[in-house]
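Q: Structure file model_24.txt (compact mmCIF, C-alpha atoms) right here:
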```txt
# COMPACT_ATOMS: atom_id res chain seq x y z
CA MET A 737 106.80 96.78 80.55
CA ARG A 738 109.10 96.39 83.56
CA ASN A 739 112.82 97.15 83.40
CA ILE A 740 115.73 95.16 84.77
CA VAL A 741 119.12 96.84 84.66
CA VAL A 742 122.18 94.62 85.15
CA LEU A 743 125.44 96.40 85.94
CA GLY A 744 128.44 94.36 84.85
CA GLY A 745 128.87 92.00 81.90
CA GLY A 746 131.28 89.54 83.46
CA THR A 747 130.58 85.98 84.58
CA ALA A 748 127.65 86.67 86.92
CA GLY A 749 126.09 89.41 84.80
CA THR A 750 126.25 87.42 81.57
CA MET A 751 124.86 84.28 83.18
CA VAL A 752 121.98 86.10 84.83
CA VAL A 753 120.76 87.83 81.67
CA ASN A 754 120.81 84.49 79.85
CA LYS A 755 118.90 82.78 82.65
CA LEU A 756 116.33 85.54 83.13
CA ARG A 757 115.71 86.02 79.42
CA LYS A 758 114.49 82.41 79.30
CA LYS A 759 112.36 82.65 82.43
CA LEU A 760 110.65 86.04 82.00
CA LYS A 761 108.06 86.92 79.35
CA SER A 762 109.81 89.00 76.72
CA GLY A 763 106.74 91.15 76.15
CA SER A 764 106.55 92.09 79.82
CA TRP A 765 110.20 92.62 80.68
CA HIS A 766 113.06 94.58 79.18
CA ILE A 767 116.63 93.75 80.24
CA THR A 768 119.55 96.17 79.87
CA ILE A 769 123.14 95.24 80.70
CA VAL A 770 125.88 97.84 81.16
CA ASP A 771 129.65 97.49 81.09
CA GLN A 772 132.52 99.89 80.46
CA ASP A 773 133.94 97.82 77.58
CA ASN A 774 133.11 94.92 75.30
CA ASP A 775 135.98 92.59 76.27
CA HIS A 776 135.03 89.53 78.32
CA ILE A 777 138.12 87.98 79.90
CA TYR A 778 138.34 84.35 81.00
CA GLN A 779 139.81 85.17 84.38
CA PRO A 780 140.88 81.65 85.49
CA GLY A 781 143.30 81.64 82.56
CA LEU A 782 145.18 84.72 83.79
CA LEU A 783 147.05 82.58 86.32
CA LEU A 784 148.50 80.46 83.51
CA VAL A 785 149.60 83.25 81.16
CA PRO A 786 152.87 83.94 83.06
CA PHE A 787 153.88 80.31 82.58
CA GLY A 788 153.15 80.22 78.84
CA VAL A 789 150.13 77.88 79.05
CA TYR A 790 147.84 80.42 77.38
CA GLU A 791 148.41 83.33 75.05
CA PRO A 792 146.50 86.45 76.16
CA ILE A 793 144.46 86.41 72.94
CA GLN A 794 142.99 83.02 73.94
CA LEU A 795 141.34 84.53 77.00
CA VAL A 796 139.36 87.40 75.46
CA LYS A 797 136.06 87.36 73.56
CA LYS A 798 133.45 90.03 72.89
CA ARG A 799 130.85 90.37 75.64
CA ASN A 800 127.93 91.00 73.30
CA HIS A 801 128.54 87.66 71.60
CA PHE A 802 127.14 86.00 74.74
CA PHE A 803 124.11 88.19 75.41
CA PRO A 804 120.76 86.72 74.30
CA HIS A 805 118.49 88.26 71.67
CA GLY A 806 116.29 90.99 73.07
CA VAL A 807 118.77 92.20 75.70
CA THR A 808 120.11 95.74 75.30
CA PHE A 809 123.86 96.17 75.83
CA ILE A 810 125.17 99.63 76.70
CA GLU A 811 128.92 100.15 76.61
CA ALA A 812 129.48 102.96 79.10
CA GLU A 813 130.92 103.79 82.50
CA ILE A 814 128.66 104.04 85.53
CA ASP A 815 128.71 107.24 87.53
CA ARG A 816 126.28 106.29 90.31
CA VAL A 817 123.07 104.61 91.28
CA GLU A 818 120.30 106.75 92.70
CA ALA A 819 118.51 103.94 94.48
CA GLN A 820 115.86 106.15 96.06
CA LEU A 821 114.83 107.24 92.55
CA ASN A 822 115.30 103.78 90.93
CA GLN A 823 117.75 104.98 88.31
CA VAL A 824 121.35 104.54 87.15
CA ILE A 825 123.34 107.57 85.99
CA LEU A 826 126.07 106.95 83.42
CA THR A 827 129.17 109.14 83.12
CA ASP A 828 127.84 110.54 79.82
CA SER A 829 124.78 111.77 81.80
CA ARG A 830 122.38 109.20 80.39
CA THR A 831 119.80 107.95 82.88
CA LEU A 832 118.58 104.35 83.03
CA PRO A 833 115.38 103.86 85.03
CA TYR A 834 114.77 100.44 86.53
CA ASP A 835 112.20 98.44 88.39
CA TYR A 836 114.87 95.99 89.55
CA LEU A 837 118.62 96.46 89.67
CA ILE A 838 121.21 93.65 89.65
CA ILE A 839 124.77 94.68 90.50
CA ALA A 840 127.40 92.29 89.11
CA THR A 841 130.42 94.55 88.64
CA GLY A 842 132.84 92.20 90.37
CA THR A 843 135.99 93.09 92.26
CA SER A 844 139.32 94.51 91.12
CA PRO A 845 142.91 94.66 92.42
CA ARG A 846 143.79 98.05 93.89
CA PRO A 847 147.57 98.44 94.29
CA ASP A 848 146.96 102.11 95.15
CA GLN A 849 145.60 100.99 98.52
CA THR A 850 149.06 99.89 99.74
CA PRO A 851 151.66 102.65 100.10
CA GLY A 852 154.57 102.14 97.71
CA MET A 853 153.03 99.27 95.78
CA ASP A 854 152.08 101.24 92.67
CA ASP A 855 155.25 103.32 92.70
CA PRO A 856 156.47 103.61 89.07
CA LYS A 857 159.93 102.47 90.16
CA VAL A 858 158.62 98.99 90.99
CA TRP A 859 155.08 98.49 89.64
CA ARG A 860 155.21 95.91 86.86
CA LYS A 861 158.98 96.09 86.97
CA THR A 862 159.73 94.13 90.14
CA VAL A 863 156.19 94.10 91.61
CA PHE A 864 153.51 92.34 89.58
CA ASP A 865 149.90 91.23 89.78
CA PHE A 866 148.32 88.43 87.75
CA PHE A 867 144.59 89.15 88.16
CA THR A 868 144.61 91.53 85.18
CA LEU A 869 145.49 90.77 81.58
CA GLU A 870 148.11 93.53 81.56
CA GLY A 871 149.63 92.28 84.82
CA SER A 872 149.84 88.62 83.86
CA THR A 873 151.31 89.51 80.46
CA ALA A 874 153.97 91.75 82.03
CA LEU A 875 154.77 89.05 84.59
CA ARG A 876 155.24 86.52 81.81
CA SER A 877 157.93 88.72 80.26
CA ALA A 878 159.61 89.19 83.64
CA LEU A 879 159.73 85.46 84.40
CA GLU A 880 161.18 84.63 80.99
CA LYS A 881 164.30 86.74 81.64
CA TRP A 882 164.58 86.50 85.43
CA GLU A 883 167.87 85.01 86.60
CA GLY A 884 166.88 84.13 90.15
CA GLY A 885 166.75 85.51 93.66
CA THR A 886 163.93 85.81 96.18
CA LEU A 887 160.45 85.41 94.74
CA VAL A 888 157.72 86.48 97.16
CA VAL A 889 154.08 85.53 96.51
CA GLN A 890 151.95 87.70 98.74
CA ILE A 891 148.32 88.48 99.63
CA CYS A 892 147.59 91.95 100.99
CA GLU A 893 144.17 91.43 102.51
CA MET A 894 141.18 89.11 102.32
CA PRO A 895 138.78 88.71 100.58
CA ILE A 896 140.33 88.24 97.14
CA LYS A 897 139.27 86.78 93.84
CA CYS A 898 139.87 83.01 93.89
CA PRO A 899 141.59 82.56 97.28
CA VAL A 900 143.58 79.56 96.05
CA ALA A 901 145.13 81.36 93.07
CA PRO A 902 148.19 82.73 94.94
CA LEU A 903 148.94 79.21 96.21
CA GLU A 904 148.62 77.92 92.67
CA PHE A 905 151.08 80.54 91.51
CA ALA A 906 153.61 79.44 94.13
CA PHE A 907 153.26 75.78 93.12
CA LEU A 908 153.46 76.59 89.42
CA ALA A 909 156.51 78.81 89.97
CA ASP A 910 158.27 75.95 91.77
CA ALA A 911 157.62 73.63 88.81
CA PHE A 912 158.46 76.36 86.27
CA PHE A 913 161.90 77.06 87.72
CA GLU A 914 162.59 73.36 88.18
CA LYS A 915 161.84 72.79 84.50
CA LYS A 916 164.20 75.65 83.63
CA LYS A 917 166.84 73.92 85.80
CA MET A 918 167.24 76.96 88.01
CA ARG A 919 165.12 76.08 91.06
CA GLU A 920 168.22 76.15 93.29
CA LYS A 921 168.68 79.80 92.31
CA VAL A 922 165.22 80.78 93.52
CA LYS A 923 163.95 81.20 97.07
CA ILE A 924 160.14 81.19 97.12
CA VAL A 925 158.31 82.75 100.07
CA TYR A 926 154.53 82.60 100.46
CA VAL A 927 153.24 85.54 102.52
CA THR A 928 149.65 85.66 103.75
CA PRO A 929 147.54 87.59 106.27
CA LEU A 930 145.95 84.27 107.26
CA GLU A 931 147.26 82.10 110.07
CA GLY A 932 147.87 79.26 107.62
CA ALA A 933 148.00 78.48 103.92
CA PHE A 934 144.20 78.68 103.44
CA THR A 935 141.03 79.71 105.22
CA LYS A 936 139.69 76.19 105.91
CA PRO A 937 141.64 74.12 108.51
CA VAL A 938 141.75 70.67 106.81
CA CYS A 939 142.58 72.18 103.42
CA SER A 940 145.05 74.60 104.99
CA GLN A 941 146.94 71.72 106.59
CA GLN A 942 147.12 69.82 103.29
CA LEU A 943 148.29 72.86 101.35
CA GLY A 944 150.76 73.69 104.10
CA TYR A 945 152.34 70.26 103.70
CA MET A 946 152.57 70.86 99.97
CA LEU A 947 154.38 74.16 100.49
CA HIS A 948 156.83 72.47 102.85
CA ASP A 949 157.46 69.59 100.44
CA ARG A 950 158.30 72.07 97.67
CA GLN A 951 160.61 74.07 99.96
CA ILE A 952 158.36 77.11 99.78
CA GLU A 953 158.61 79.15 102.97
CA LEU A 954 155.33 80.14 104.62
CA GLU A 955 155.09 83.53 106.34
CA PRO A 956 151.63 83.71 107.99
CA ASP A 957 149.82 86.53 109.81
CA PHE A 958 151.58 89.16 107.71
CA MET A 959 149.46 92.31 107.54
CA ILE A 960 151.21 94.54 105.06
CA GLU A 961 151.67 98.20 105.92
CA ARG A 962 153.78 99.43 103.01
CA ILE A 963 156.36 98.60 100.38
CA ASP A 964 159.68 100.42 100.25
CA PRO A 965 160.45 100.81 96.53
CA GLN A 966 164.05 101.79 97.17
CA THR A 967 165.05 98.71 99.17
CA ARG A 968 162.42 96.37 97.65
CA THR A 969 161.18 95.39 101.08
CA MET A 970 157.69 94.68 102.42
CA HIS A 971 156.90 96.03 105.88
CA SER A 972 154.15 94.60 108.10
CA MET A 973 152.09 96.35 110.75
CA ASP A 974 153.95 94.38 113.44
CA GLU A 975 157.29 95.67 112.05
CA ARG A 976 158.41 92.53 110.22
CA GLU A 977 160.35 93.04 107.00
CA ILE A 978 160.53 90.74 103.97
CA PRO A 979 162.95 91.61 101.15
CA PHE A 980 162.23 90.54 97.58
CA ASP A 981 163.83 90.54 94.17
CA LEU A 982 160.51 89.76 92.48
CA LEU A 983 157.17 90.29 94.20
CA VAL A 984 154.00 88.69 92.87
CA THR A 985 151.24 90.30 94.85
CA VAL A 986 147.49 90.07 95.19
CA PRO A 987 146.68 93.70 95.99
CA VAL A 988 143.73 94.74 98.10
CA ASN A 989 140.59 93.74 96.19
CA MET A 990 137.69 96.19 96.09
CA GLY A 991 134.33 96.55 94.43
CA ALA A 992 133.55 99.26 91.90
CA ASP A 993 133.93 102.90 92.97
CA PHE A 994 130.41 103.83 91.83
CA ILE A 995 129.09 101.58 94.62
CA ALA A 996 130.73 103.88 97.17
CA ARG A 997 129.46 107.00 95.38
CA SER A 998 125.97 105.52 95.49
CA GLY A 999 126.01 104.73 99.19
CA LEU A 1000 125.39 101.05 98.45
CA GLY A 1001 128.58 99.42 99.74
CA ASP A 1002 130.72 98.59 102.74
CA GLU A 1003 134.28 99.83 103.30
CA LEU A 1004 135.55 97.68 100.41
CA ASN A 1005 132.71 98.69 98.06
CA TYR A 1006 130.91 95.36 98.31
CA VAL A 1007 127.12 95.44 98.49
CA PRO A 1008 125.71 94.03 101.76
CA VAL A 1009 123.11 91.40 100.86
CA ASP A 1010 121.28 88.46 102.34
CA LYS A 1011 123.78 85.63 101.83
CA GLU A 1012 121.08 83.16 100.75
CA THR A 1013 119.04 85.33 98.34
CA PHE A 1014 121.41 88.19 97.34
CA LEU A 1015 118.76 90.81 98.08
CA SER A 1016 120.21 94.12 99.25
CA LYS A 1017 119.89 94.75 102.97
CA LYS A 1018 119.00 98.36 102.17
CA PHE A 1019 116.73 98.32 99.11
CA THR A 1020 113.97 95.86 98.23
CA ASN A 1021 114.52 96.03 94.46
CA VAL A 1022 118.33 95.77 94.38
CA PHE A 1023 120.35 92.55 94.21
CA ALA A 1024 124.10 91.94 94.02
CA LEU A 1025 125.62 88.81 92.50
CA GLY A 1026 129.08 87.32 92.12
CA ASP A 1027 132.10 89.17 93.47
CA ALA A 1028 130.14 92.43 93.88
CA SER A 1029 128.33 91.17 97.00
CA ASP A 1030 129.61 90.82 100.55
CA ILE A 1031 128.55 87.18 101.00
CA PRO A 1032 131.07 85.18 103.10
CA ALA A 1033 132.00 82.85 100.24
CA SER A 1034 134.92 82.63 97.85
CA LYS A 1035 135.00 85.31 95.18
CA ALA A 1036 135.23 82.71 92.45
CA GLY A 1037 133.43 81.87 89.22
CA SER A 1038 131.97 78.68 90.67
CA VAL A 1039 130.21 80.68 93.38
CA ALA A 1040 128.71 82.98 90.75
CA HIS A 1041 127.63 79.94 88.74
CA PHE A 1042 125.85 78.17 91.59
CA ALA A 1043 124.40 81.41 92.93
CA VAL A 1044 122.89 82.44 89.59
CA GLU A 1045 121.34 78.98 89.14
CA LEU A 1046 119.30 79.57 92.29
CA PHE A 1047 118.85 83.32 91.87
CA ALA A 1048 117.00 83.06 88.57
CA ASP A 1049 114.23 80.94 90.11
CA ASN A 1050 114.19 83.12 93.22
CA PHE A 1051 113.78 86.26 91.13
CA VAL A 1052 110.74 84.88 89.34
CA GLU A 1053 109.18 84.02 92.69
CA TYR A 1054 110.06 87.43 94.13
CA VAL A 1055 108.54 89.54 91.36
CA GLU A 1056 105.37 87.48 91.62
CA GLY A 1057 105.12 88.40 95.29
CA LYS A 1058 106.06 84.94 96.55
CA PRO A 1059 108.74 83.97 99.09
CA MET A 1060 112.16 83.12 97.64
CA THR A 1061 112.51 79.40 98.30
CA HIS A 1062 115.92 78.65 96.75
CA ARG A 1063 118.47 79.36 99.46
CA PHE A 1064 122.14 79.53 98.50
CA ASP A 1065 124.54 77.65 100.80
CA GLY A 1066 127.83 79.24 99.70
CA HIS A 1067 128.73 76.31 97.43
CA ALA A 1068 132.13 76.63 95.74
CA ASN A 1069 134.47 74.27 94.01
CA CYS A 1070 137.93 75.09 92.72
CA PHE A 1071 140.67 73.34 90.84
CA ILE A 1072 144.09 74.02 92.39
CA GLU A 1073 147.06 73.70 90.04
CA SER A 1074 149.93 72.12 91.95
CA GLY A 1075 152.54 71.98 89.19
CA HIS A 1076 154.10 69.18 87.14
CA GLY A 1077 150.80 68.48 85.35
CA LYS A 1078 148.80 67.78 88.50
CA GLY A 1079 146.12 69.52 90.50
CA LEU A 1080 143.67 69.26 93.36
CA LEU A 1081 139.94 69.86 93.52
CA ILE A 1082 138.09 71.24 96.53
CA ASP A 1083 134.34 71.44 97.13
CA PHE A 1084 132.86 73.32 100.09
CA ASN A 1085 130.23 75.80 101.27
CA TYR A 1086 129.44 78.24 104.10
CA THR A 1087 129.49 75.57 106.79
CA THR A 1088 131.42 72.57 105.41
CA GLU A 1089 135.12 72.79 104.63
CA PRO A 1090 136.82 70.90 101.80
CA LEU A 1091 136.88 67.14 102.43
CA ARG A 1092 138.32 64.11 100.69
CA GLY A 1093 136.09 62.07 98.40
CA LYS A 1094 135.07 61.81 94.75
CA PHE A 1095 133.46 64.36 92.41
CA PRO A 1096 131.07 64.86 90.67
CA ILE A 1097 129.67 61.32 91.02
CA PRO A 1098 129.91 59.82 94.54
CA ILE A 1099 132.35 56.88 94.82
CA ILE A 1100 132.90 56.85 91.03
CA GLY A 1101 134.30 60.34 90.58
CA PRO A 1102 136.33 60.38 88.44
CA LEU A 1103 137.86 63.46 90.08
CA PRO A 1104 139.44 62.99 93.52
CA LEU A 1105 138.81 65.69 96.12
CA LEU A 1106 141.63 67.26 98.14
CA LYS A 1107 144.17 65.00 96.44
CA GLU A 1108 146.69 65.66 93.68
CA SER A 1109 145.96 63.98 90.36
CA ARG A 1110 146.55 64.38 86.64
CA LEU A 1111 142.78 64.33 86.07
CA ASN A 1112 142.27 67.45 88.15
CA HIS A 1113 144.88 69.31 86.09
CA LEU A 1114 143.16 68.21 82.87
CA GLY A 1115 139.82 69.22 84.38
CA LYS A 1116 141.09 72.76 84.93
CA LEU A 1117 142.29 73.03 81.34
CA ALA A 1118 139.01 71.59 80.00
CA PHE A 1119 136.98 74.11 81.95
CA ARG A 1120 137.87 76.90 79.52
CA TRP A 1121 135.74 75.22 76.83
CA ILE A 1122 132.93 74.62 79.31
CA TYR A 1123 133.05 78.26 80.37
CA TRP A 1124 132.77 79.76 76.88
CA ASN A 1125 130.29 77.24 75.48
CA LEU A 1126 128.04 76.33 78.40
CA LEU A 1127 128.49 78.28 81.61
CA ILE A 1128 128.12 81.93 80.66
CA LYS A 1129 125.49 81.10 78.04
CA GLY A 1130 123.30 79.95 80.90
CA ARG A 1131 123.12 76.35 79.73
CA ASN A 1132 122.62 73.58 82.24
CA ILE A 1133 125.72 71.91 83.67
CA PRO A 1134 124.93 68.68 85.57
CA ILE A 1135 126.41 69.75 88.91
CA PRO A 1136 123.97 70.61 91.73
CA ALA A 1137 123.93 74.25 92.78
CA LEU A 1138 123.78 73.21 96.43
CA MET A 1139 126.67 71.26 97.87
CA SER A 1140 126.16 67.55 98.43
CA MET A 1141 127.90 65.43 101.08
CA ALA A 1142 127.45 62.32 98.96
CA GLY A 1143 130.80 60.74 98.15
CA LYS A 1144 132.68 62.79 100.71
CA GLU A 1145 134.57 61.42 103.68
CA ARG A 1146 132.89 62.92 106.71
CA PRO A 1147 135.27 64.18 109.38
CA VAL A 1148 135.64 61.99 112.44
CA GLU A 1149 134.16 63.66 115.50
CA LYS A 1150 136.55 63.81 118.46
```
Take the structure in this file and express it as structure tokens.

A:
Amino acid sequence: MRNIVVLGGGTAGTMVVNKLRKKLKSGSWHITIVDQDNDHIYQPGLLLVPFGVYEPIQLVKKRNHFFPHGVTFIEAEIDRVEAQLNQVILTDSRTLPYDYLIIATGTSPRPDQTPGMDDPKVWRKTVFDFFTLEGSTALRSALEKWEGGTLVVQICEMPIKCPVAPLEFAFLADAFFEKKKMREKVKIVYVTPLEGAFTKPVCSQQLGYMLHDRQIELEPDFMIERIDPQTRTMHSMDEREIPFDLLVTVPVNMGADFIARSGLGDELNYVPVDKETFLSKKFTNVFALGDASDIPASKAGSVAHFAVELFADNFVEYVEGKPMTHRFDGHANCFIESGHGKGLLIDFNYTTEPLRGKFPIPIIGPLPLLKESRLNHLGKLAFRWIYWNLLIKGRNIPIPALMSMAGKERPVEK
């Protein structure tokens, strides 16, 4: 009997145990999955909690409800991995031996990494995050009673979970305050360390136009140094200052601390892996999936979905001593809420930026790419059902794991 230990019961971890349970002989393999709690949160919904679209209770289900029969779930915190000895040590001193280890512990916001950000005078009083259930719920209360002023939406450092989410928040805030008939009382400033609105040039230009049209100021190339809690001012490394009345921040995102304690990660606690197979660059029986890896792709659920689709077949090949033939191309697609019941959809990978076209069926669509539409907004809302009932259960969704250029408008070469 060979042992697989999966660390993390989020999107990637849950999908991979469902996929592998079907592909590996149950009498020959035992799968254990570890997480610190039993609450699985639908993270795309956190963005919408502050605007009253979802109640927090709608976004949480029990993790073990989604694990297949025959998989052992351990609810515990991880102290470290002793990769040389092929074992995981839990904080209660239990030891889990493994033949293969899959790290899928994701990434988390770390306000403690920016001086002044987590100061009790401002944290979740005038400075809020929305990538946690507690943060988005607190922000909802703040927005309900806020009377106006300068709202700053800010990214500390890349990479972050779902790179488009801060832009979505800015667009949704514009629509939210307009609906409350107080938009003229609110100045919205979008602050980013990037040189434009997004990482990909064509998409960045489109989103930049959208910010301008909504009278949202763009402050690019802002590398935050600290926050002054007394004056409610952000300071950059090049000595710029941006005052705020309400700051919605995406703090520095980092992988789990046990990865650092185990000597498995980079400076942000992400596990260096081969970007096409997710195999650790350091150990031949360790993989990292989803947000826990250092692959140069969006830290988004769609990436985890497409990656796991290919990984499961690769893993079967690998343990049989064969080459891994399913190479991941960085495929990601994301709905972008743009407010007023509309949204965009982008589809891209490591080498191809978001382009216009139709998705998922070429020419027919029905979803337009890189263009606002009501259908894209409805698609984002419908995805919650798809997530709970199909995606994390490892069921097939008829979208290719590798990106296709079919139906896309190829850029004109100059």

Q: So that all listed atoms of region 1093-1102 of chain A fit with 6 Å spare on each side, what axis-aligned box centre and edge lengths in Å, to one decimal, would you give as AutoDock Vina command-line options?

A:
```
--center_x 133.0 --center_y 60.9 --center_z 93.4 --size_x 18.7 --size_y 20.0 --size_z 22.0
```

Q: Looking at all atoms listed in the file, which of A:Asp865, A:Glu1012, A:Glu893, A:Glu870 is the one that sits closest to Glu961 (chain A)?

A: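 Of A:Asp865, A:Glu1012, A:Glu893, A:Glu870, the one nearest Glu961 (chain A) is A:Glu893, counting all atoms listed in the file.
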
Q: Please provide as a ChimeraX atom specification all residues within 10 Å of region 1126-1134 of chain A, with the sequence filter that same-chain residues fewer than 3 positions apart are discarded (counting all atoms listed in the file).

A: /A:746-758,801-804,1037-1038,1041,1044-1045,1096,1119-1123,1137

Q: I'd like a table as CSV: residues in region 908-967 of chain A with an atom no more than 12 Å from region 1077-1085 of chain A, each row giving the shortest atom pair and its distance in Å to one decimal, only C-alpha atoms counted, sorted by chain and rising residue number.

A:
```
residue,atom,partner,partner_atom,distance
A:Leu908,CA,A:Gly1077,CA,9.5
A:Ala911,CA,A:Gly1077,CA,9.2
A:Phe912,CA,A:Gly1077,CA,11.0
A:Lys915,CA,A:Gly1077,CA,11.9
A:Phe934,CA,A:Ile1082,CA,11.9
A:Thr935,CA,A:Phe1084,CA,11.6
A:Lys936,CA,A:Phe1084,CA,9.4
A:Val938,CA,A:Ile1082,CA,10.9
A:Cys939,CA,A:Ile1082,CA,8.3
A:Ser940,CA,A:Ile1082,CA,11.5
A:Gln942,CA,A:Leu1080,CA,10.5
A:Leu943,CA,A:Leu1080,CA,9.9
A:Met946,CA,A:Leu1080,CA,11.2
```

Q: Pick the closest to Ile1031 (chain A) from A:Pro895, A:Asp854, A:Lys1018, A:Trp882: which is it, counting all atoms listed in the file?

A: A:Pro895

Q: What does the structure give for the distance between CA of Lys759 (chain A) and CA of Ala1033 (chain A), in Å to one decimal?

A: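 Rounded to one decimal, the two atoms are 26.5 Å apart.
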
Q: Just how far from CA of Ala1024 (chain A) is CA of Glu818 (chain A), in Å to one decimal?

A: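 Distance between the two atoms: 15.3 Å.
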
Q: Using all atoms listed in the file, which protein or nucleic acid residues come within 10 Å of region 782-792 of chain A? Drop anything in the same chain fewer than 6 positions from it, and give the result as a list in words.

A: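 Near region 782-792 of chain A, the qualifying residues are Asp865, Phe866, Phe867, Thr868, Leu869, Glu870, Gly871, Ser872, Thr873, Ala874, Leu875, Arg876, Ser877, Ala878, Leu879, Glu880, Ala901, Pro902, Glu904, Phe905, Leu908, Ala909, Ala911, Phe912, Glu1073 and Leu1117 of chain A.
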
Q: Nearest residue to Pro780 (chain A) out of A:Pro899, A:Gly884, A:Pro937, A:Pro856, using only C-alpha atoms?

A: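 That would be A:Pro899, the residue with the smallest distance to Pro780 (chain A).
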
Q: Distance CA of Ala819 (chain A)-CA of Arg846 (chain A), one decimal place?

A: 26.0 Å

Q: Please determine, counting only C-alpha atoms, which residue among A:Thr1088, A:Asn1125, A:Thr985, A:Thr1061 has the shortest atom-to-atom distance to Arg860 (chain A).

A: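 Distance minimum relative to Arg860 (chain A) lands on A:Thr985.
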
Q: Which one of A:Ile810, A:Val824, A:Ile896, A:Ile767 sits closest to Ser998 (chain A) if you count all atoms listed in the file?

A: A:Val824

Q: I want to know what sits within 8 Å of Leu903 (chain A), based on all atoms listed in the file, with residues of the same chain fewer than 4 positions away left out; could you give that as a VMD selection string?

A: chain A and resid 907 926 933

Q: Can I get the selection written as a tab-separated table (two decimals), in the frame of the given file, with C-alpha atoms?

A:
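Everything below was put into part_16.tsv:
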```
chain	number	residue	atom	x	y	z
A	907	PHE	CA	153.26	75.78	93.12
A	926	TYR	CA	154.53	82.60	100.46
A	933	ALA	CA	148.00	78.48	103.92
```

Q: Find, counting only C-alpha atoms, the residue in A:Phe1019, A:Phe994, A:Phe1014, A:Tyr836 that gets nearest to Asn1050 (chain A).

A: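 Checking each of A:Phe1019, A:Phe994, A:Phe1014, A:Tyr836 against Asn1050 (chain A), counting only C-alpha atoms, the winner is A:Phe1014.
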
Q: Tell me, counting only C-alpha atoms, for each residue of region 1034-1136 of chain A within 12 Å of region 947-952 of chain A, which pair of atoms is nearest and how far apart they are in Å to one decimal, in rows ordered by chain and increasing number, as CSV.

A:
```
residue,atom,partner,partner_atom,distance
A:Ser1074,CA,A:Leu947,CA,9.8
A:Gly1075,CA,A:Arg950,CA,10.3
A:His1076,CA,A:Arg950,CA,11.7
```

Q: May I have the residues within 12 Å of Ser972 (chain A) as a list in words, using only C-alpha atoms and disregarding those fewer than 5 positions away in the same chain?

A: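 Once the nearby chain positions are removed, what remains is Thr850, Pro851, Gln890, Ile891, Cys892, Glu893, Val927, Thr928, Pro929, Glu955, Pro956, Asp957, Phe958, Met959, Ile960, Glu961, Arg962, Ile963, Asp964, Glu977, Ile978 and Pro979 of chain A.
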
Q: Please provide as a list of chain:residue names all residues within 12 Å of Ser1016 (chain A), with the sequence filter that same-chain residues fewer than 2 positions apart are discarded (counting all atoms listed in the file).

A: A:Ala819, A:Tyr836, A:Leu837, A:Ile838, A:Ile839, A:Leu1000, A:Gly1001, A:Asp1002, A:Tyr1006, A:Val1007, A:Pro1008, A:Val1009, A:Asp1010, A:Lys1011, A:Glu1012, A:Thr1013, A:Phe1014, A:Lys1018, A:Phe1019, A:Thr1020, A:Asn1021, A:Val1022, A:Phe1023, A:Ala1024, A:Leu1025, A:Ala1028, A:Ser1029, A:Asp1030, A:Ile1031

Q: Can I get the selected residues back with C-alpha atoms, as an mmCIF file, in the coordinates of the input?

A:
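And here's selection00.cif as it stands now:
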```cif
data_model
loop_
_atom_site.group_PDB
_atom_site.id
_atom_site.type_symbol
_atom_site.label_atom_id
_atom_site.label_comp_id
_atom_site.auth_asym_id
_atom_site.auth_seq_id
_atom_site.Cartn_x
_atom_site.Cartn_y
_atom_site.Cartn_z
ATOM 1 C CA ALA A 819 118.510 103.940 94.480
ATOM 2 C CA TYR A 836 114.870 95.990 89.550
ATOM 3 C CA LEU A 837 118.620 96.460 89.670
ATOM 4 C CA ILE A 838 121.210 93.650 89.650
ATOM 5 C CA ILE A 839 124.770 94.680 90.500
ATOM 6 C CA LEU A 1000 125.390 101.050 98.450
ATOM 7 C CA GLY A 1001 128.580 99.420 99.740
ATOM 8 C CA ASP A 1002 130.720 98.590 102.740
ATOM 9 C CA TYR A 1006 130.910 95.360 98.310
ATOM 10 C CA VAL A 1007 127.120 95.440 98.490
ATOM 11 C CA PRO A 1008 125.710 94.030 101.760
ATOM 12 C CA VAL A 1009 123.110 91.400 100.860
ATOM 13 C CA ASP A 1010 121.280 88.460 102.340
ATOM 14 C CA LYS A 1011 123.780 85.630 101.830
ATOM 15 C CA GLU A 1012 121.080 83.160 100.750
ATOM 16 C CA THR A 1013 119.040 85.330 98.340
ATOM 17 C CA PHE A 1014 121.410 88.190 97.340
ATOM 18 C CA LYS A 1018 119.000 98.360 102.170
ATOM 19 C CA PHE A 1019 116.730 98.320 99.110
ATOM 20 C CA THR A 1020 113.970 95.860 98.230
ATOM 21 C CA ASN A 1021 114.520 96.030 94.460
ATOM 22 C CA VAL A 1022 118.330 95.770 94.380
ATOM 23 C CA PHE A 1023 120.350 92.550 94.210
ATOM 24 C CA ALA A 1024 124.100 91.940 94.020
ATOM 25 C CA LEU A 1025 125.620 88.810 92.500
ATOM 26 C CA ALA A 1028 130.140 92.430 93.880
ATOM 27 C CA SER A 1029 128.330 91.170 97.000
ATOM 28 C CA ASP A 1030 129.610 90.820 100.550
ATOM 29 C CA ILE A 1031 128.550 87.180 101.000
#
```
